$ cat query27.txt   # compact mmCIF, C-alpha atoms
# COMPACT_ATOMS: atom_id res chain seq x y z
CA MET K 2 173.86 40.89 125.85
CA ALA K 3 173.60 44.56 124.88
CA LYS K 4 175.42 45.51 121.72
CA LYS K 5 178.51 47.67 122.25
CA LYS K 6 178.03 51.28 121.24
CA LEU K 7 180.18 52.73 118.49
CA ARG K 8 182.44 55.36 120.08
CA ILE K 9 183.15 58.09 117.56
CA ALA K 10 185.60 60.98 117.38
CA LEU K 11 184.22 63.67 115.04
CA LEU K 12 186.81 65.80 113.25
CA GLY K 13 185.21 69.03 112.05
CA LEU K 14 182.02 70.90 112.91
CA GLY K 15 181.41 72.80 109.70
CA THR K 16 178.33 72.43 107.51
CA VAL K 17 178.50 68.64 107.22
CA GLY K 18 180.04 68.12 110.66
CA ARG K 19 177.14 69.87 112.36
CA GLY K 20 174.73 67.58 110.53
CA VAL K 21 176.70 64.51 111.61
CA TYR K 22 176.71 65.79 115.20
CA ASP K 23 172.93 66.22 115.16
CA TYR K 24 172.34 62.74 113.75
CA ILE K 25 174.67 60.89 116.13
CA THR K 26 173.44 62.63 119.29
CA GLU K 27 169.89 61.47 118.48
CA ARG K 28 170.88 57.78 118.47
CA ASP K 29 171.42 55.26 121.25
CA ASP K 30 173.59 52.77 119.30
CA MET K 31 176.54 55.16 118.94
CA GLU K 32 178.05 58.03 120.91
CA LEU K 33 180.40 60.92 120.37
CA ALA K 34 183.51 60.38 122.46
CA TYR K 35 185.11 63.63 121.22
CA VAL K 36 184.79 66.45 118.76
CA LEU K 37 187.87 68.20 117.38
CA SER K 38 187.25 71.47 115.59
CA LEU K 39 188.68 74.96 115.28
CA VAL K 40 185.16 76.38 115.53
CA LEU K 41 182.66 75.17 118.12
CA PHE K 42 178.97 75.99 118.47
CA ASP K 43 176.89 76.44 121.61
CA GLY K 44 175.28 73.39 123.16
CA ILE K 45 177.98 70.78 122.51
CA THR K 46 177.35 67.97 124.99
CA CYS K 47 180.39 65.75 124.35
CA PRO K 48 184.05 66.23 125.27
CA VAL K 49 186.15 68.54 123.10
CA ALA K 50 189.54 67.03 122.25
CA LYS K 51 192.60 69.18 122.80
CA ASN K 52 194.41 67.65 119.84
CA MET K 53 194.47 64.61 117.56
CA GLU K 54 196.97 62.80 119.77
CA GLN K 55 194.36 62.63 122.55
CA ILE K 56 191.97 60.84 120.22
CA LEU K 57 194.61 58.43 118.89
CA ALA K 58 195.69 57.51 122.42
CA ASP K 59 192.15 56.70 123.59
CA GLU K 60 191.66 52.98 122.95
CA THR K 61 187.92 53.27 123.61
CA VAL K 62 187.52 55.31 120.40
CA ASP K 63 186.92 52.76 117.65
CA THR K 64 185.84 55.09 114.82
CA VAL K 65 187.04 58.45 113.50
CA VAL K 66 184.71 60.55 111.30
CA GLU K 67 186.64 63.12 109.25
CA VAL K 68 184.66 66.02 107.78
CA ILE K 69 187.21 68.84 107.98
CA GLY K 70 187.91 68.67 104.24
CA GLY K 71 191.09 69.59 102.40
CA LEU K 72 194.24 67.51 102.13
CA HIS K 73 196.14 68.62 105.24
CA PRO K 74 195.89 67.82 108.11
CA ALA K 75 193.11 65.44 106.98
CA TYR K 76 195.58 63.05 105.33
CA GLU K 77 197.87 62.86 108.36
CA TRP K 78 194.95 62.39 110.78
CA VAL K 79 193.18 59.76 108.69
CA LYS K 80 196.38 57.79 108.10
CA ALA K 81 197.26 57.93 111.81
CA SER K 82 193.76 56.78 112.74
CA LEU K 83 193.99 53.75 110.45
CA GLU K 84 197.46 52.93 111.74
CA ALA K 85 196.05 53.07 115.28
CA GLY K 86 193.48 50.43 114.33
CA LYS K 87 190.49 52.77 114.22
CA ASN K 88 187.76 52.70 111.60
CA VAL K 89 187.65 55.80 109.40
CA ILE K 90 184.61 57.39 107.79
CA THR K 91 185.19 60.46 105.63
CA ALA K 92 183.35 62.76 103.25
CA ASN K 93 186.66 64.02 101.84
CA LYS K 94 186.79 63.33 98.10
CA LEU K 95 190.06 65.26 97.68
CA LEU K 96 191.77 63.03 100.22
CA ILE K 97 190.42 59.72 98.89
CA ALA K 98 191.15 60.55 95.24
CA ALA K 99 194.71 61.68 96.04
CA HIS K 100 195.66 58.78 98.35
CA TYR K 101 193.26 56.07 97.20
CA ARG K 102 195.53 53.06 97.00
CA GLU K 103 197.60 53.87 100.09
CA LEU K 104 194.58 54.30 102.37
CA VAL K 105 192.67 51.30 101.01
CA GLU K 106 195.71 49.04 101.49
CA LEU K 107 196.29 50.42 104.99
CA ALA K 108 192.67 49.75 106.04
CA GLU K 109 192.98 46.18 104.74
CA GLU K 110 196.29 45.67 106.56
CA LYS K 111 194.83 46.90 109.86
CA HIS K 112 191.51 45.04 109.39
CA VAL K 113 189.46 48.18 109.91
CA ALA K 114 186.80 49.95 107.87
CA LEU K 115 187.45 52.80 105.45
CA ARG K 116 184.18 54.32 104.22
CA CYS K 117 183.60 57.43 102.08
CA THR K 118 180.03 57.16 100.74
CA ALA K 119 179.41 60.89 101.21
CA ALA K 120 182.48 61.73 99.09
CA ALA K 121 180.67 60.92 95.83
CA GLY K 122 176.97 61.65 95.41
CA GLY K 123 176.35 63.71 98.55
CA GLY K 124 173.05 62.36 99.82
CA ILE K 125 172.78 59.64 97.16
CA PRO K 126 173.90 56.18 98.41
CA TRP K 127 175.96 55.84 95.25
CA LEU K 128 179.16 54.11 96.36
CA THR K 129 177.28 51.54 98.44
CA THR K 130 175.16 50.78 95.37
CA LEU K 131 178.31 50.29 93.29
CA ALA K 132 179.74 47.97 95.96
CA ARG K 133 176.60 45.84 96.00
CA THR K 134 176.45 45.71 92.20
CA ILE K 135 180.03 44.55 91.65
CA GLU K 136 179.47 41.69 94.08
CA GLN K 137 177.05 40.24 91.54
CA GLU K 138 178.11 41.44 88.09
CA PRO K 139 180.59 43.73 86.33
CA VAL K 140 179.89 47.44 85.97
CA ILE K 141 181.03 48.62 82.55
CA HIS K 142 179.97 52.27 82.43
CA ILE K 143 179.36 55.22 84.77
CA SER K 144 177.90 58.58 83.78
CA GLY K 145 175.91 61.51 85.03
CA ILE K 146 175.61 64.87 86.73
CA MET K 147 177.79 64.75 89.84
CA ASN K 148 177.92 68.36 91.05
CA GLY K 149 175.00 70.33 92.43
CA THR K 150 176.66 73.75 92.17
CA THR K 151 177.30 73.62 88.43
CA ASN K 152 173.92 72.07 87.76
CA PHE K 153 172.24 74.91 89.65
CA ILE K 154 174.17 77.54 87.67
CA LEU K 155 173.39 75.95 84.29
CA ASP K 156 169.75 75.35 85.22
CA ARG K 157 169.30 79.01 86.21
CA MET K 158 170.95 80.22 83.01
CA HIS K 159 168.68 78.03 80.90
CA THR K 160 165.39 78.68 82.70
CA THR K 161 165.79 82.42 83.44
CA ASP K 162 167.58 85.39 81.92
CA VAL K 163 170.37 85.51 84.52
CA GLY K 164 173.99 85.32 83.43
CA TYR K 165 176.80 83.17 84.75
CA ALA K 166 178.01 85.62 87.42
CA GLU K 167 174.50 86.20 88.79
CA ALA K 168 173.66 82.48 88.82
CA LEU K 169 176.91 81.75 90.66
CA HIS K 170 176.12 84.47 93.21
CA GLU K 171 172.67 82.94 93.79
CA ALA K 172 174.29 79.54 94.34
CA GLN K 173 176.61 81.06 96.93
CA GLU K 174 173.74 82.85 98.68
CA LEU K 175 171.80 79.58 98.91
CA GLY K 176 174.79 77.67 100.23
CA TYR K 177 175.19 75.50 97.11
CA ALA K 178 178.54 77.09 96.19
CA GLU K 179 181.55 77.89 98.36
CA ARG K 180 182.97 81.39 98.65
CA ASP K 181 185.75 80.08 96.39
CA PRO K 182 183.78 78.04 93.81
CA SER K 183 186.74 77.15 91.61
CA SER K 184 186.76 73.45 92.50
CA ASP K 185 183.13 73.12 91.42
CA VAL K 186 183.02 75.28 88.28
CA SER K 187 186.36 73.99 86.96
CA GLY K 188 185.18 70.38 87.16
CA ALA K 189 187.85 69.38 89.71
CA ASP K 190 185.23 68.33 92.25
CA ILE K 191 183.52 66.06 89.72
CA ARG K 192 186.83 64.60 88.60
CA ARG K 193 187.55 63.37 92.12
CA LYS K 194 184.10 61.81 92.40
CA LEU K 195 184.51 60.15 89.00
CA VAL K 196 187.95 58.78 89.95
CA ILE K 197 186.67 57.27 93.21
CA SER K 198 183.57 55.84 91.52
CA SER K 199 185.52 54.38 88.60
CA ASN K 200 188.17 52.84 90.85
CA ILE K 201 185.50 51.06 92.87
CA ALA K 202 183.33 50.06 89.91
CA TYR K 203 186.12 48.62 87.78
CA GLY K 204 188.60 47.47 90.44
CA ARG K 205 191.15 49.83 88.92
CA VAL K 206 193.33 52.68 90.20
CA ILE K 207 193.50 55.65 87.82
CA ASP K 208 195.49 58.86 88.16
CA GLU K 209 193.23 61.85 88.80
CA ASN K 210 195.47 64.07 86.67
CA ALA K 211 195.04 61.78 83.65
CA VAL K 212 191.28 62.43 83.49
CA ASP K 213 190.32 65.01 80.84
CA VAL K 214 188.24 67.77 82.40
CA CYS K 215 186.64 71.01 81.22
CA GLY K 216 184.43 73.17 83.46
CA ILE K 217 181.89 75.91 82.85
CA GLU K 218 183.81 79.08 83.82
CA GLN K 219 183.83 80.41 80.25
CA ILE K 220 180.13 79.84 79.41
CA THR K 221 178.18 82.97 78.40
CA ASP K 222 174.60 84.14 77.83
CA GLY K 223 175.35 83.96 74.11
CA ASP K 224 176.24 80.29 74.38
CA ILE K 225 172.99 79.54 76.23
CA ALA K 226 171.01 81.40 73.55
CA ALA K 227 172.73 79.32 70.86
CA PHE K 228 171.88 76.11 72.72
CA ARG K 229 168.23 77.11 72.93
CA ARG K 230 168.15 77.65 69.17
CA MET K 231 169.68 74.19 68.75
CA GLY K 232 167.02 72.67 71.01
CA ARG K 233 169.68 71.54 73.48
CA VAL K 234 170.37 71.86 77.21
CA CYS K 235 173.90 72.20 78.58
CA LYS K 236 174.95 70.08 81.55
CA LEU K 237 178.36 69.41 83.05
CA PHE K 238 178.57 65.69 82.40
CA ALA K 239 180.98 63.02 83.65
CA ALA K 240 181.53 59.60 82.10
CA SER K 241 183.84 56.62 82.40
CA ARG K 242 183.98 53.20 80.81
CA LYS K 243 186.00 50.09 81.48
CA LEU K 244 188.11 48.94 78.54
CA GLU K 245 190.18 45.79 78.37
CA ARG K 246 193.48 47.40 79.34
CA SER K 247 192.51 50.99 80.17
CA VAL K 248 189.67 53.24 81.27
CA VAL K 249 187.85 56.04 79.49
CA ALA K 250 187.23 58.94 81.91
CA TYR K 251 186.33 62.58 81.21
CA ILE K 252 184.20 65.54 82.32
CA GLU K 253 182.94 68.19 79.91
CA PRO K 254 179.99 70.53 79.19
CA THR K 255 177.55 68.48 77.15
CA LEU K 256 174.62 69.54 74.97
CA MET K 257 171.72 67.17 75.53
CA THR K 258 168.40 66.71 73.79
CA PRO K 259 165.20 67.02 75.85
CA ALA K 260 164.76 63.23 75.53
CA MET K 261 167.78 62.59 77.74
CA PRO K 262 166.83 62.24 81.44
CA GLU K 263 169.88 64.27 82.51
CA SER K 264 168.64 67.32 80.59
CA ALA K 265 165.69 67.74 82.99
CA ILE K 266 167.62 67.61 86.29
CA PRO K 267 166.80 70.87 88.13
CA THR K 268 168.62 73.14 90.58
CA ASN K 269 171.29 71.48 92.75
CA ASN K 270 170.29 67.87 92.14
CA ASN K 271 172.44 65.06 90.76
CA LEU K 272 171.64 62.10 88.53
CA ILE K 273 174.27 59.35 88.43
CA SER K 274 173.96 56.15 86.42
CA LEU K 275 175.73 52.82 86.21
CA THR K 276 175.49 50.26 83.45
CA GLY K 277 175.90 46.62 84.40
CA GLU K 278 176.82 43.84 82.02
CA ARG K 279 173.40 42.20 82.34
CA ILE K 280 171.17 44.60 84.29
CA GLY K 281 171.66 47.50 81.88
CA LYS K 282 171.46 51.13 82.98
CA GLN K 283 170.27 52.14 86.45
CA SER K 284 170.07 55.77 87.61
CA PHE K 285 170.09 57.40 91.05
CA TYR K 286 168.69 60.86 91.70
CA GLY K 287 168.96 63.19 94.68
CA GLN K 288 170.72 66.11 96.30
CA GLY K 289 174.44 66.04 95.69
CA ALA K 290 175.36 68.32 98.57
CA GLY K 291 174.02 70.04 101.68
CA ARG K 292 174.29 69.58 105.45
CA TYR K 293 171.82 66.81 106.10
CA PRO K 294 171.89 64.96 102.74
CA THR K 295 175.68 64.57 103.04
CA ALA K 296 175.59 63.87 106.79
CA TYR K 297 172.96 61.19 106.09
CA ASN K 298 175.49 59.15 104.11
CA VAL K 299 178.16 59.67 106.76
CA LEU K 300 175.73 58.27 109.31
CA GLN K 301 174.86 55.33 107.06
CA ASP K 302 178.57 54.50 106.97
CA CYS K 303 178.61 54.63 110.78
CA VAL K 304 175.68 52.21 110.87
CA ASP K 305 177.45 49.81 108.50
CA VAL K 306 180.57 49.91 110.67
CA SER K 307 178.50 49.26 113.79
CA ARG K 308 177.15 46.14 112.05
CA GLY K 309 180.64 44.78 111.48
CA TRP K 310 181.67 46.15 108.09
CA THR K 311 185.45 46.19 107.65
CA GLY K 312 187.66 47.06 104.71
CA PHE K 313 186.77 49.21 101.72
CA TYR K 314 184.13 48.86 98.98
CA THR K 315 186.53 46.72 96.95
CA ASP K 316 189.92 45.07 97.44
CA ARG K 317 190.82 45.19 93.74
CA LEU K 318 193.54 47.78 93.04
CA GLU K 319 194.86 47.31 89.50
CA PRO K 320 196.83 50.37 88.25
CA THR K 321 195.27 51.43 84.94
CA ALA K 322 195.86 54.14 82.35
CA VAL K 323 193.20 56.58 81.12
CA ASP K 324 192.75 56.58 77.33
CA ASN K 325 190.08 58.84 75.81
CA ARG K 326 191.03 58.36 72.16
CA SER K 327 188.28 55.83 71.48
CA VAL K 328 185.36 58.16 72.31
CA VAL K 329 184.39 60.39 69.38
CA ARG K 330 182.01 63.37 69.56
CA GLN K 331 181.06 66.49 67.64
CA TYR K 332 181.68 69.73 69.53
CA TYR K 333 180.28 73.24 69.77
CA VAL K 334 183.31 75.55 69.88
CA ARG K 335 183.41 79.30 70.52
CA THR K 336 186.78 80.99 70.25
CA SER K 337 188.21 84.31 69.11
CA GLY K 338 189.69 82.98 65.89
CA VAL K 339 190.09 79.91 63.73
CA ASP K 340 193.47 78.20 63.86
CA ALA K 341 194.70 75.46 61.54
CA TRP K 342 193.36 72.57 63.64
CA LEU K 343 189.89 74.06 64.03
CA LYS K 344 189.73 75.04 60.35
CA ALA K 345 190.40 71.43 59.40
CA HIS K 346 187.57 70.19 61.65
CA ILE K 347 184.68 72.59 60.96
CA GLU K 348 181.45 70.98 59.82
CA LYS K 349 179.06 73.93 60.40
CA VAL K 350 179.48 77.64 61.09
CA LEU K 351 177.07 79.23 63.57
CA ASP K 352 176.63 82.91 64.47
CA ARG K 353 179.52 83.13 66.93
CA ALA K 354 180.71 79.51 67.08
CA VAL K 355 181.24 76.38 65.01
CA ILE K 356 180.25 72.73 65.13
CA THR K 357 183.17 70.40 64.54
CA THR K 358 183.39 67.18 62.63
CA PRO K 359 183.63 64.10 64.90
CA VAL K 360 186.86 64.18 66.94
CA SER K 361 188.06 62.18 69.92
CA VAL K 362 187.60 63.42 73.47
CA ALA K 363 191.38 63.28 73.96
CA GLU K 364 192.05 65.39 70.86
CA MET K 365 189.40 68.00 71.72
CA HIS K 366 190.62 68.50 75.28
CA ALA K 367 194.26 68.70 74.17
CA TRP K 368 193.40 71.35 71.56
CA ALA K 369 191.28 73.40 73.99
CA LYS K 370 194.01 73.34 76.64
CA ALA K 371 196.51 74.76 74.16
CA ARG K 372 193.98 77.20 72.69
CA ARG K 373 193.23 78.79 76.05
CA ALA K 374 196.82 80.03 76.18
CA VAL K 375 195.82 82.23 73.22
CA ASP K 376 192.11 82.73 74.02
CA PRO K 377 191.32 82.29 77.74
CA GLU K 378 187.58 82.66 77.03
CA CYS K 379 187.47 79.72 74.59
CA PHE K 380 184.53 77.42 75.37
CA PHE K 381 183.45 74.05 74.05
CA ALA K 382 180.68 71.55 74.67
CA SER K 383 180.12 68.09 73.22
CA LEU K 384 176.93 67.13 71.36
CA ARG K 385 174.95 64.07 72.36

$ encode --input "query27.txt" --output "structure tokens"
Amino acid sequence: MAKKKLRIALLGLGTVGRGVYDYITERDDMELAYVLSLVLFDGITCPVAKNMEQILADETVDTVVEVIGGLHPAYEWVKASLEAGKNVITANKLLIAAHYRELVELAEEKHVALRCTAAAGGGIPWLTTLARTIEQEPVIHISGIMNGTTNFILDRMHTTDVGYAEALHEAQELGYAERDPSSDVSGADIRRKLVISSNIAYGRVIDENAVDVCGIEQITDGDIAAFRRMGRVCKLFAASRKLERSVVAYIEPTLMTPAMPESAIPTNNNLISLTGERIGKQSFYGQGAGRYPTAYNVLQDCVDVSRGWTGFYTDRLEPTAVDNRSVVRQYYVRTSGVDAWLKAHIEKVLDRAVITTPVSVAEMHAWAKARRAVDPECFFASLR
């Protein structure tokens, strides 16, 4: 007996949506029942839905692929799709991070699939790797470069003489950065990816707002020159670790030695690693964004659903606090003046910055947040 085709409603025909459309229309084991998008391109060969209600009412549609991005109406449409008993595949990290527990529990209640592999890692099959690993042994640590835009900017600043603004403009021209790049350069994009990854890896549910994060908006040519003299490379680095009753989770600019694999990651690529209890560290490299790399993982989720996958990557949902007091680092700090806290923690004075004594990640981020009210251009990076 011929296998039933997956009938898919595609929400969104932007950069990723167009890639998904191209992939699905080339296959004979799945078909596009509808597309729903504010912007359409020439040559669409499947029906265009008038509204979301049309898709929800069609019982022949078993799977909804959401690639419109943003929180609204994506949240309402995804929730309604799950409630209607339809599988959901999404690339929307903002949505999954914000409504993680609610959507995972709803998919389990309705016995349908909720997949979001493209939401963390772009073209890297990162979340599926985590899911396979935790079936066999505990994952205790996650780390890496999780954003192609910021890696491109930092790579250009290190390998050429361009400044931050010019490197950002190049990233936008190449399609690596959005017109509004704030989510990338502030670290918010990485924070969502780290939250989703950590929740799956550790069977926990952490609050996105509890994760300490510092981006690269304040980095300057002078900082890069100082890093070169130190023999270091700056990367925007994310890390989390499972503790007995809490989770360590933070994102910050990090000064790496050339011996660290992450220091050599070029242009818009990502390198994400997991550490298992017995298998040790394993790393996964590839493009973290882009039309076809991201659409590739959306399609892989479709294939998994067509093979009978239901549920989420994990059914463990233990609410857990974030506590970054146990991780201690030295920091490069550039600011307009030396306040009492910084004065008490200076180990070395550089030309236009200082190196601190070892301080906790939580303490450093709390100080920097307060300091930026006085000096908005204050910048820091941890030393590894």

$ closest_residue --input "query27.txt" --among "K:Ser264, K:Thr321, K:Asn210, K:Ser383" --to "Val355 of chain K" --atoms "all atoms listed in the file"
K:Ser383

$ closest_residue --input "query27.txt" --among "K:Ala382, K:Leu300, K:Leu11, K:Val140" --to "Lys236 of chain K" --atoms "only C-alpha atoms"
K:Ala382

$ residues_around --input "query27.txt" --residues "segment 116-120 of chain K" --least-positions-apart "5" --cutoff "9 Å" --atoms "only C-alpha atoms" --output "JSON, numbers by chain"
{"K": [88, 89, 90, 91, 92, 93, 94, 95, 97, 125, 126, 127, 128, 129, 193, 194, 197, 290, 294, 295, 296, 297, 298, 299, 301, 302, 303, 306, 311, 312, 313, 314]}

$ residues_near_point --input "query27.txt" --point "(180.3, 67.1, 123.4)" --cutoff "9 Å" --atoms "only C-alpha atoms" --output "list in words"
Leu33, Ala34, Tyr35, Val36, Gly44, Ile45, Thr46, Cys47, Pro48 and Val49 of chain K

$ atom_distance --input "query27.txt" --atom1 "atom CA of Gly176 of chain K" --atom2 "atom CA of Phe153 of chain K"
11.2 Å

$ atom_distance --input "query27.txt" --atom1 "atom CA of His159 of chain K" --atom2 "atom CA of Pro254 of chain K"
13.7 Å

$ atom_distance --input "query27.txt" --atom1 "atom CA of Val234 of chain K" --atom2 "atom CA of Leu256 of chain K"
5.3 Å

$ closest_residue --input "query27.txt" --among "K:Thr315, K:Leu351, K:Gly281, K:Arg326" --to "Arg133 of chain K" --atoms "all atoms listed in the file"
K:Thr315

$ closest_residue --input "query27.txt" --among "K:Ala367, K:Pro74, K:His100, K:Ile9" --to "Val62 of chain K" --atoms "only C-alpha atoms"
K:Ile9

$ residues_around --input "query27.txt" --residues "Thr151 of chain K" --least-positions-apart "6" --cutoff "9 Å" --atoms "only C-alpha atoms" --output "list in words"
Leu169, Ala172, Ala178, Asp185, Val186, Gly188, Gly216, Ile217, Lys236, Leu237, Thr268 and Asn269 of chain K

$ write_last_selection --input "query27.txt" --atoms "C-alpha atoms" --output "PDB file, in the coordinates of the input"
ATOM      1  CA  LEU K 169     176.910  81.750  90.660  1.00  0.00           C
ATOM      2  CA  ALA K 172     174.290  79.540  94.340  1.00  0.00           C
ATOM      3  CA  ALA K 178     178.540  77.090  96.190  1.00  0.00           C
ATOM      4  CA  ASP K 185     183.130  73.120  91.420  1.00  0.00           C
ATOM      5  CA  VAL K 186     183.020  75.280  88.280  1.00  0.00           C
ATOM      6  CA  GLY K 188     185.180  70.380  87.160  1.00  0.00           C
ATOM      7  CA  GLY K 216     184.430  73.170  83.460  1.00  0.00           C
ATOM      8  CA  ILE K 217     181.890  75.910  82.850  1.00  0.00           C
ATOM      9  CA  LYS K 236     174.950  70.080  81.550  1.00  0.00           C
ATOM     10  CA  LEU K 237     178.360  69.410  83.050  1.00  0.00           C
ATOM     11  CA  THR K 268     168.620  73.140  90.580  1.00  0.00           C
ATOM     12  CA  ASN K 269     171.290  71.480  92.750  1.00  0.00           C
TER      13      ASN K 269
END

$ closest_residue --input "query27.txt" --among "K:Ile143, K:Asp190, K:Lys51, K:Gly164" --to "Leu96 of chain K" --atoms "all atoms listed in the file"
K:Asp190

$ closest_residue --input "query27.txt" --among "K:Ala50, K:Val350, K:Met257, K:Ala121" --to "Ile273 of chain K" --atoms "all atoms listed in the file"
K:Ala121

$ closest_atom_pairs --input "query27.txt" --of "segment 215-290 of chain K" --to "segment 329-333 of chain K" --cutoff "12 Å" --atoms "only C-alpha atoms" --output "JSON lines"
{"residue": "K:Ile220", "atom": "CA", "partner": "K:Tyr333", "partner_atom": "CA", "distance": 11.7}
{"residue": "K:Asp224", "atom": "CA", "partner": "K:Tyr333", "partner_atom": "CA", "distance": 9.3}
{"residue": "K:Ile225", "atom": "CA", "partner": "K:Tyr333", "partner_atom": "CA", "distance": 11.6}
{"residue": "K:Ala227", "atom": "CA", "partner": "K:Tyr333", "partner_atom": "CA", "distance": 9.8}
{"residue": "K:Phe228", "atom": "CA", "partner": "K:Tyr333", "partner_atom": "CA", "distance": 9.4}
{"residue": "K:Met231", "atom": "CA", "partner": "K:Tyr333", "partner_atom": "CA", "distance": 10.7}
{"residue": "K:Arg233", "atom": "CA", "partner": "K:Tyr333", "partner_atom": "CA", "distance": 11.4}
{"residue": "K:Cys235", "atom": "CA", "partner": "K:Tyr333", "partner_atom": "CA", "distance": 10.9}
{"residue": "K:Val249", "atom": "CA", "partner": "K:Val329", "partner_atom": "CA", "distance": 11.5}
{"residue": "K:Glu253", "atom": "CA", "partner": "K:Tyr332", "partner_atom": "CA", "distance": 10.6}
{"residue": "K:Pro254", "atom": "CA", "partner": "K:Tyr333", "partner_atom": "CA", "distance": 9.8}
{"residue": "K:Thr255", "atom": "CA", "partner": "K:Tyr332", "partner_atom": "CA", "distance": 8.8}
{"residue": "K:Leu256", "atom": "CA", "partner": "K:Tyr333", "partner_atom": "CA", "distance": 8.5}
{"residue": "K:Met257", "atom": "CA", "partner": "K:Tyr332", "partner_atom": "CA", "distance": 11.9}

$ residues_near_point --input "query27.txt" --point "(173.1, 80.1, 86.9)" --cutoff "10 Å" --atoms "all atoms listed in the file" --output "list in words"
Thr150, Thr151, Asn152, Phe153, Ile154, Leu155, Asp156, Arg157, Met158, His159, Thr160, Thr161, Asp162, Val163, Gly164, Tyr165, Ala166, Glu167, Ala168, Leu169, His170, Glu171, Ala172 and Thr268 of chain K

$ residues_around --input "query27.txt" --residues "Ile280 of chain K" --least-positions-apart "4" --cutoff "10 Å" --atoms "only C-alpha atoms" --output "list in words"
Thr134, Glu138, Pro139, Val140, Leu275 and Thr276 of chain K

$ residues_around --input "query27.txt" --residues "Glu60 of chain K" --least-positions-apart "5" --cutoff "10 Å" --atoms "only C-alpha atoms" --output "MDAnalysis selection string"
chainID K and resid 8 85:87

$ residues_around --input "query27.txt" --residues "Arg28 of chain K" --least-positions-apart "2" --cutoff "12 Å" --atoms "only C-alpha atoms" --output "count of residues only"
16

$ decode --input "query27.txt" --residues "segment 200-212 of chain K" --atoms "N, CA and C atoms" --output "short mmCIF file (atom, residue, chain, number, x, y, z; two decimals), in the first residue's frame"
data_model
loop_
_atom_site.label_atom_id
_atom_site.label_comp_id
_atom_site.auth_asym_id
_atom_site.auth_seq_id
_atom_site.Cartn_x
_atom_site.Cartn_y
_atom_site.Cartn_z
N ASN K 200 17.24 23.55 27.68
CA ASN K 200 16.01 22.90 28.13
C ASN K 200 15.94 21.45 27.65
N ILE K 201 16.27 21.26 26.38
CA ILE K 201 16.23 19.91 25.82
C ILE K 201 17.33 19.04 26.42
N ALA K 202 18.55 19.57 26.47
CA ALA K 202 19.69 18.78 26.92
C ALA K 202 19.56 18.32 28.37
N TYR K 203 19.04 19.20 29.23
CA TYR K 203 19.03 18.90 30.66
C TYR K 203 17.65 18.50 31.19
N GLY K 204 16.63 18.54 30.33
CA GLY K 204 15.27 18.25 30.79
C GLY K 204 14.76 19.30 31.74
N ARG K 205 15.22 20.53 31.58
CA ARG K 205 14.86 21.63 32.46
C ARG K 205 14.04 22.67 31.69
N VAL K 206 13.47 23.62 32.40
CA VAL K 206 12.82 24.78 31.79
C VAL K 206 13.37 26.00 32.49
N ILE K 207 14.16 26.80 31.77
CA ILE K 207 14.76 28.00 32.37
C ILE K 207 14.14 29.25 31.75
N ASP K 208 14.13 30.31 32.52
CA ASP K 208 13.56 31.58 32.09
C ASP K 208 14.59 32.30 31.23
N GLU K 209 14.20 32.65 30.01
CA GLU K 209 15.10 33.35 29.10
C GLU K 209 15.68 34.61 29.73
N ASN K 210 14.87 35.34 30.47
CA ASN K 210 15.31 36.61 31.06
C ASN K 210 16.31 36.43 32.20
N ALA K 211 16.46 35.20 32.69
CA ALA K 211 17.41 34.95 33.77
C ALA K 211 18.82 34.66 33.25
N VAL K 212 18.96 34.51 31.94
CA VAL K 212 20.26 34.19 31.34
C VAL K 212 21.05 35.48 31.17
#
